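Data block for model10.cif (mmCIF, C-alpha atoms):
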```cif
data_query
#
loop_
_atom_site.label_atom_id
_atom_site.label_comp_id
_atom_site.auth_asym_id
_atom_site.auth_seq_id
_atom_site.Cartn_x
_atom_site.Cartn_y
_atom_site.Cartn_z
CA MET C 192 95.33 104.72 103.13
CA HIS C 193 96.65 106.17 99.90
CA ARG C 194 94.52 105.87 96.79
CA LYS C 195 97.30 104.11 94.86
CA LEU C 196 97.29 101.31 97.45
CA ARG C 197 93.64 100.42 96.81
CA LEU C 198 92.17 97.86 94.44
CA ARG C 199 89.16 99.36 92.73
CA ASN C 200 88.72 97.76 89.29
CA ARG C 201 86.40 94.84 88.72
CA GLU C 202 89.07 93.22 86.50
CA ASP C 203 91.60 93.28 89.35
CA PHE C 204 89.13 91.70 91.77
CA SER C 205 88.19 89.03 89.19
CA ARG C 206 91.84 88.27 88.42
CA ILE C 207 92.62 87.73 92.10
CA TYR C 208 89.52 85.62 92.74
CA ARG C 209 90.22 83.43 89.69
CA GLY C 210 93.98 83.05 89.84
CA GLY C 211 94.86 83.82 93.43
CA LYS C 212 95.21 81.78 96.57
CA SER C 213 92.90 82.04 99.56
CA PHE C 214 93.12 81.54 103.31
CA ALA C 215 90.52 82.13 105.99
CA ASN C 216 89.77 82.24 109.68
CA GLY C 217 86.43 82.76 111.43
CA GLN C 218 86.24 86.50 110.74
CA PHE C 219 88.08 87.12 107.45
CA VAL C 220 88.99 85.55 104.12
CA VAL C 221 92.02 86.75 102.18
CA TYR C 222 92.54 86.18 98.46
CA TRP C 223 95.93 87.21 97.11
CA SER C 224 98.20 87.03 94.09
CA LYS C 225 101.58 88.40 93.12
CA GLN C 226 101.49 91.51 90.94
CA PRO C 227 104.75 93.15 89.79
CA SER C 228 103.08 96.53 89.25
CA ALA C 229 101.74 96.67 92.82
CA ASP C 230 104.34 98.64 94.73
CA PRO C 231 104.42 98.09 97.68
CA PHE C 232 101.02 96.31 97.72
CA ARG C 233 97.36 96.94 96.89
CA LEU C 234 94.36 96.15 99.08
CA GLY C 235 90.70 95.59 98.33
CA VAL C 236 88.08 95.16 101.03
CA SER C 237 84.81 93.36 100.42
CA ALA C 238 81.90 93.53 102.85
CA SER C 239 78.63 92.03 101.62
CA LYS C 240 75.13 93.05 102.62
CA LYS C 241 74.94 89.90 104.73
CA ILE C 242 77.06 91.48 107.47
CA GLY C 243 74.83 94.52 107.99
CA ASN C 244 73.61 97.82 106.63
CA ALA C 245 75.77 100.44 104.88
CA VAL C 246 76.90 101.97 108.17
CA VAL C 247 78.25 98.63 109.42
CA ARG C 248 79.88 97.74 106.09
CA ASN C 249 81.62 101.10 105.73
CA ARG C 250 82.80 101.01 109.36
CA MET C 251 84.34 97.58 108.76
CA ARG C 252 86.08 98.81 105.60
CA ARG C 253 87.50 101.83 107.42
CA MET C 254 88.75 99.74 110.33
CA ILE C 255 90.43 97.18 108.07
CA LYS C 256 92.12 99.88 105.97
CA GLU C 257 93.42 101.48 109.17
CA ILE C 258 94.79 98.16 110.45
CA VAL C 259 96.55 97.49 107.14
CA ARG C 260 97.89 101.07 107.05
CA HIS C 261 99.53 100.59 110.45
CA GLN C 262 101.00 97.23 109.41
CA ALA C 263 102.12 98.32 105.91
CA ASN C 264 105.83 97.83 106.64
CA ARG C 265 105.19 94.17 107.54
CA ILE C 266 103.26 93.22 104.38
CA VAL C 267 105.08 91.39 101.58
CA PRO C 268 105.67 93.78 98.64
CA ARG C 269 104.33 93.42 95.10
CA THR C 270 101.14 91.72 96.21
CA ASP C 271 97.47 92.38 95.52
CA PHE C 272 95.09 91.09 98.16
CA ILE C 273 91.41 91.22 99.01
CA LEU C 274 90.11 90.95 102.56
CA ILE C 275 86.54 89.70 102.80
CA VAL C 276 84.69 90.47 106.03
CA ARG C 277 82.58 87.76 107.66
CA LYS C 278 79.67 88.40 110.03
CA PRO C 279 81.51 87.56 113.33
CA ALA C 280 83.98 90.40 112.66
CA THR C 281 81.23 92.99 113.15
CA LEU C 282 81.12 92.20 116.88
CA MET C 283 84.87 92.65 117.45
CA LYS C 284 86.72 95.54 119.01
CA MET C 285 89.61 97.14 117.10
CA LYS C 286 92.40 95.23 118.90
CA GLU C 287 90.67 91.88 118.42
CA MET C 288 90.07 92.68 114.77
CA GLU C 289 93.72 93.65 114.27
CA LYS C 290 94.82 90.35 115.80
CA SER C 291 92.44 88.43 113.52
CA VAL C 292 93.55 90.30 110.37
CA LEU C 293 97.21 89.69 111.20
CA HIS C 294 96.43 86.03 111.85
CA VAL C 295 94.84 85.51 108.43
CA LEU C 296 97.64 87.46 106.69
CA LYS C 297 100.27 85.39 108.49
CA LYS C 298 98.41 82.20 107.56
CA ALA C 299 98.49 83.32 103.91
CA GLY C 300 102.22 84.12 104.11
CA LEU C 301 101.67 87.82 103.43
CA LEU C 302 103.64 89.09 106.43
CA LYS C 303 107.39 89.54 106.30
CA SER C 304 109.57 87.47 108.62
CA THR C 305 109.12 88.31 112.30
CA ALA C 306 112.80 89.15 112.88
CA ASN C 307 112.13 92.90 112.79
CA THR C 308 108.54 93.18 114.01
CA LYS C 309 109.36 96.11 116.28
CA GLU C 310 110.26 98.39 113.34
CA LYS C 311 108.84 101.86 112.99
CA ARG C 312 105.21 102.02 111.98
CA VAL C 313 104.28 103.74 108.75
CA ASP C 314 101.84 106.58 109.44
#
```
Starting from the file, give its structure as structure tokens.
Amino acid sequence: MHRKLRLRNREDFSRIYRGGKSFANGQFVVYWSKQPSADPFRLGVSASKKIGNAVVRNRMRRMIKEIVRHQANRIVPRTDFILIVRKPATLMKMKEMEKSVLHVLKKAGLLKSTANTKEKRVD
């Protein structure tokens, strides 16, 4: 995932937590807000120490970034969002995790309409 597509500043995280909307399922929570300067979107991943040691947390971050990278053409543009990992996600395989991430993004309204879901994937 490109560096310009990542949320890294504490101010950005705080702004989204304070003023954004949130949706959740059993494995993930997503906080999001519109941001005109985010083109096409920016992602932050949060994995607390509650879910495991550094190896587990970093593995979860890598897997989520990869899922979002493959689904980049389906995500609504000009949006900042934070995906928070919950403990049950650590037991999931990649395909299950992808399904769960897409579910929470769809629930939040962050996926484009499903008319052209078979478009080319961005690699």
With all atoms listed in the file as the atoms that count, which of C:Thr281, C:Asn216, C:Asn249, C:Asn244 lies nearest to Lys297 of chain C?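 Of all the options, C:Asn216 lies closest to Lys297 of chain C.
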As a PDB file with C-alpha atoms, in the coordinates of the input, please: the residues near Met285 of chain C (cut-off 8 Å, all atoms listed in the file, same-chain neighbours under 3 positions excluded).
```pdb
ATOM      1  CA  MET C 254      88.750  99.740 110.330  1.00  0.00           C
ATOM      2  CA  MET C 288      90.070  92.680 114.770  1.00  0.00           C
ATOM      3  CA  GLU C 289      93.720  93.650 114.270  1.00  0.00           C
TER       4      GLU C 289
END
```
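Residue nearest Arg253 of chain C, chosen from C:Thr270, C:Glu202, C:Val236, C:Arg194 and counting only C-alpha atoms: C:Val236.
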When you look at segment 221-226 of chain C with a cut-off of 7 Å (counting all atoms listed in the file), what residues show up, excluding the ones that are within fewer than 6 positions of it in the same chain? I need them as a ChimeraX atom specification. /C:207-208,211-215,269-275,295
Those residues with C-alpha atoms, as a CSV table (one decimal), keeping the file's coordinate frame please?
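Just written: again02.csv:
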```csv
chain,number,residue,atom,x,y,z
C,207,ILE,CA,92.6,87.7,92.1
C,208,TYR,CA,89.5,85.6,92.7
C,211,GLY,CA,94.9,83.8,93.4
C,212,LYS,CA,95.2,81.8,96.6
C,213,SER,CA,92.9,82.0,99.6
C,214,PHE,CA,93.1,81.5,103.3
C,215,ALA,CA,90.5,82.1,106.0
C,269,ARG,CA,104.3,93.4,95.1
C,270,THR,CA,101.1,91.7,96.2
C,271,ASP,CA,97.5,92.4,95.5
C,272,PHE,CA,95.1,91.1,98.2
C,273,ILE,CA,91.4,91.2,99.0
C,274,LEU,CA,90.1,91.0,102.6
C,275,ILE,CA,86.5,89.7,102.8
C,295,VAL,CA,94.8,85.5,108.4
```
Selected residue, from C:Arg252, C:Arg206, C:His193, C:Arg233, that lies nearest to Arg277 of chain C when counting all atoms listed in the file: C:Arg252
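If you look at atom CA of Lys284 of chain C and atom CA of Val220 of chain C, they are 18.1 Å away from each other.
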Closest of C:Val276, C:Val292, C:Ala238, C:Lys303 to Asn264 of chain C - atom-to-atom distances counting all atoms listed in the file: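 Smallest distance to Asn264 of chain C is found for C:Lys303.
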Box time for segment 226-245 of chain C: axis-aligned, enclosing all its listed atoms, 3 Å extra on each side; report centre and edge lengths in Å to one decimal, as AutoDock Vina command-line options.
```
--center_x 89.2 --center_y 95.2 --center_z 98.6 --size_x 37.1 --size_y 16.5 --size_z 24.7
```
Could you please determine the separation between atom CA of Gln218 of chain C and atom CA of Val247 of chain C in Å, to one decimal place? 14.6 Å
Point out the residue among C:Ala299, C:Leu198, C:Ile255, C:Ile266 with the least atom-to-atom distance to Lys286 of chain C, counting all atoms listed in the file.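 Checking each candidate against Lys286 of chain C, we get C:Ile255 as the closest.
When all atoms listed in the file are used to compute distances to Leu296 of chain C, the closest of the residues C:Arg265, C:Lys278, C:Lys195, C:Lys241 turns out to be C:Arg265.
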Atomic separation - atom CA of Ser239 of chain C relative to atom CA of Pro279 of chain C, Å: 12.9 Å
Need a file for segment 253-264 of chain C from that block: all heavy atoms, written as an mmCIF file, in the first residue's frame.
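Output below, filename out-v2.cif:
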```cif
data_model
loop_
_atom_site.group_PDB
_atom_site.id
_atom_site.type_symbol
_atom_site.label_atom_id
_atom_site.label_comp_id
_atom_site.auth_asym_id
_atom_site.auth_seq_id
_atom_site.Cartn_x
_atom_site.Cartn_y
_atom_site.Cartn_z
ATOM 1 N N ARG C 253 -0.618 -5.969 8.322
ATOM 2 C CA ARG C 253 -0.208 -6.305 6.947
ATOM 3 C C ARG C 253 -1.354 -6.937 6.165
ATOM 4 O O ARG C 253 -1.575 -6.601 4.997
ATOM 5 C CB ARG C 253 0.991 -7.254 6.959
ATOM 6 C CG ARG C 253 2.292 -6.601 7.305
ATOM 7 C CD ARG C 253 3.474 -7.509 6.983
ATOM 8 N NE ARG C 253 3.337 -8.839 7.532
ATOM 9 C CZ ARG C 253 3.773 -9.230 8.732
ATOM 10 N NH1 ARG C 253 4.374 -8.364 9.519
ATOM 11 N NH2 ARG C 253 3.605 -10.468 9.145
ATOM 12 N N MET C 254 -2.073 -7.841 6.788
ATOM 13 C CA MET C 254 -3.167 -8.523 6.105
ATOM 14 C C MET C 254 -4.289 -7.543 5.745
ATOM 15 O O MET C 254 -4.818 -7.576 4.634
ATOM 16 C CB MET C 254 -3.700 -9.667 6.969
ATOM 17 C CG MET C 254 -2.719 -10.820 7.088
ATOM 18 S SD MET C 254 -3.222 -12.083 8.252
ATOM 19 C CE MET C 254 -4.501 -12.924 7.337
ATOM 20 N N ILE C 255 -4.615 -6.647 6.644
ATOM 21 C CA ILE C 255 -5.680 -5.679 6.378
ATOM 22 C C ILE C 255 -5.272 -4.720 5.269
ATOM 23 O O ILE C 255 -6.059 -4.417 4.372
ATOM 24 C CB ILE C 255 -6.052 -4.923 7.665
ATOM 25 C CG1 ILE C 255 -6.768 -5.892 8.609
ATOM 26 C CG2 ILE C 255 -6.918 -3.718 7.362
ATOM 27 C CD1 ILE C 255 -6.956 -5.369 9.989
ATOM 28 N N LYS C 256 -4.030 -4.251 5.302
ATOM 29 C CA LYS C 256 -3.557 -3.358 4.236
ATOM 30 C C LYS C 256 -3.608 -4.053 2.885
ATOM 31 O O LYS C 256 -3.954 -3.437 1.867
ATOM 32 C CB LYS C 256 -2.139 -2.880 4.530
ATOM 33 C CG LYS C 256 -2.055 -1.865 5.642
ATOM 34 C CD LYS C 256 -0.610 -1.505 5.898
ATOM 35 C CE LYS C 256 -0.451 -0.689 7.151
ATOM 36 N NZ LYS C 256 0.953 -0.447 7.467
ATOM 37 N N GLU C 257 -3.280 -5.333 2.856
ATOM 38 C CA GLU C 257 -3.317 -6.089 1.603
ATOM 39 C C GLU C 257 -4.754 -6.242 1.101
ATOM 40 O O GLU C 257 -5.027 -6.089 -0.089
ATOM 41 C CB GLU C 257 -2.671 -7.468 1.807
ATOM 42 C CG GLU C 257 -2.569 -8.295 0.553
ATOM 43 C CD GLU C 257 -1.616 -7.729 -0.493
ATOM 44 O OE1 GLU C 257 -0.898 -6.746 -0.215
ATOM 45 O OE2 GLU C 257 -1.605 -8.275 -1.606
ATOM 46 N N ILE C 258 -5.682 -6.527 1.995
ATOM 47 C CA ILE C 258 -7.091 -6.641 1.616
ATOM 48 C C ILE C 258 -7.583 -5.326 1.034
ATOM 49 O O ILE C 258 -8.217 -5.295 -0.021
ATOM 50 C CB ILE C 258 -7.942 -7.058 2.830
ATOM 51 C CG1 ILE C 258 -7.639 -8.511 3.205
ATOM 52 C CG2 ILE C 258 -9.427 -6.870 2.553
ATOM 53 C CD1 ILE C 258 -8.178 -8.925 4.561
ATOM 54 N N VAL C 259 -7.287 -4.230 1.708
ATOM 55 C CA VAL C 259 -7.734 -2.914 1.234
ATOM 56 C C VAL C 259 -7.055 -2.568 -0.092
ATOM 57 O O VAL C 259 -7.686 -2.005 -0.989
ATOM 58 C CB VAL C 259 -7.480 -1.830 2.304
ATOM 59 C CG1 VAL C 259 -7.727 -0.442 1.752
ATOM 60 C CG2 VAL C 259 -8.349 -2.086 3.525
ATOM 61 N N ARG C 260 -5.792 -2.930 -0.245
ATOM 62 C CA ARG C 260 -5.089 -2.662 -1.508
ATOM 63 C C ARG C 260 -5.776 -3.356 -2.682
ATOM 64 O O ARG C 260 -5.960 -2.774 -3.749
ATOM 65 C CB ARG C 260 -3.638 -3.130 -1.404
ATOM 66 C CG ARG C 260 -2.792 -2.780 -2.624
ATOM 67 C CD ARG C 260 -1.370 -3.268 -2.458
ATOM 68 N NE ARG C 260 -1.260 -4.709 -2.570
ATOM 69 C CZ ARG C 260 -1.126 -5.366 -3.732
ATOM 70 N NH1 ARG C 260 -1.082 -4.701 -4.865
ATOM 71 N NH2 ARG C 260 -1.026 -6.671 -3.747
ATOM 72 N N HIS C 261 -6.206 -4.589 -2.472
ATOM 73 C CA HIS C 261 -6.882 -5.329 -3.544
ATOM 74 C C HIS C 261 -8.283 -4.806 -3.826
ATOM 75 O O HIS C 261 -8.802 -5.000 -4.921
ATOM 76 C CB HIS C 261 -6.952 -6.818 -3.213
ATOM 77 C CG HIS C 261 -5.667 -7.536 -3.454
ATOM 78 N ND1 HIS C 261 -5.191 -7.806 -4.713
ATOM 79 C CD2 HIS C 261 -4.752 -8.026 -2.592
ATOM 80 C CE1 HIS C 261 -4.032 -8.430 -4.617
ATOM 81 N NE2 HIS C 261 -3.735 -8.574 -3.334
ATOM 82 N N GLN C 262 -8.893 -4.158 -2.860
ATOM 83 C CA GLN C 262 -10.258 -3.649 -3.024
ATOM 84 C C GLN C 262 -10.285 -2.133 -3.240
ATOM 85 O O GLN C 262 -11.347 -1.523 -3.154
ATOM 86 C CB GLN C 262 -11.096 -4.007 -1.789
ATOM 87 C CG GLN C 262 -11.196 -5.479 -1.511
ATOM 88 C CD GLN C 262 -11.908 -6.235 -2.606
ATOM 89 O OE1 GLN C 262 -12.779 -5.703 -3.285
ATOM 90 N NE2 GLN C 262 -11.541 -7.486 -2.794
ATOM 91 N N ALA C 263 -9.158 -1.527 -3.525
ATOM 92 C CA ALA C 263 -9.043 -0.068 -3.607
ATOM 93 C C ALA C 263 -10.006 0.551 -4.617
ATOM 94 O O ALA C 263 -10.537 1.636 -4.375
ATOM 95 C CB ALA C 263 -7.613 0.329 -3.944
ATOM 96 N N ASN C 264 -10.259 -0.130 -5.725
ATOM 97 C CA ASN C 264 -11.153 0.436 -6.743
ATOM 98 C C ASN C 264 -12.615 0.433 -6.303
ATOM 99 O O ASN C 264 -13.441 1.103 -6.909
ATOM 100 C CB ASN C 264 -10.997 -0.308 -8.067
ATOM 101 C CG ASN C 264 -11.356 -1.773 -7.952
ATOM 102 O OD1 ASN C 264 -11.288 -2.364 -6.868
ATOM 103 N ND2 ASN C 264 -11.722 -2.378 -9.055
#
```
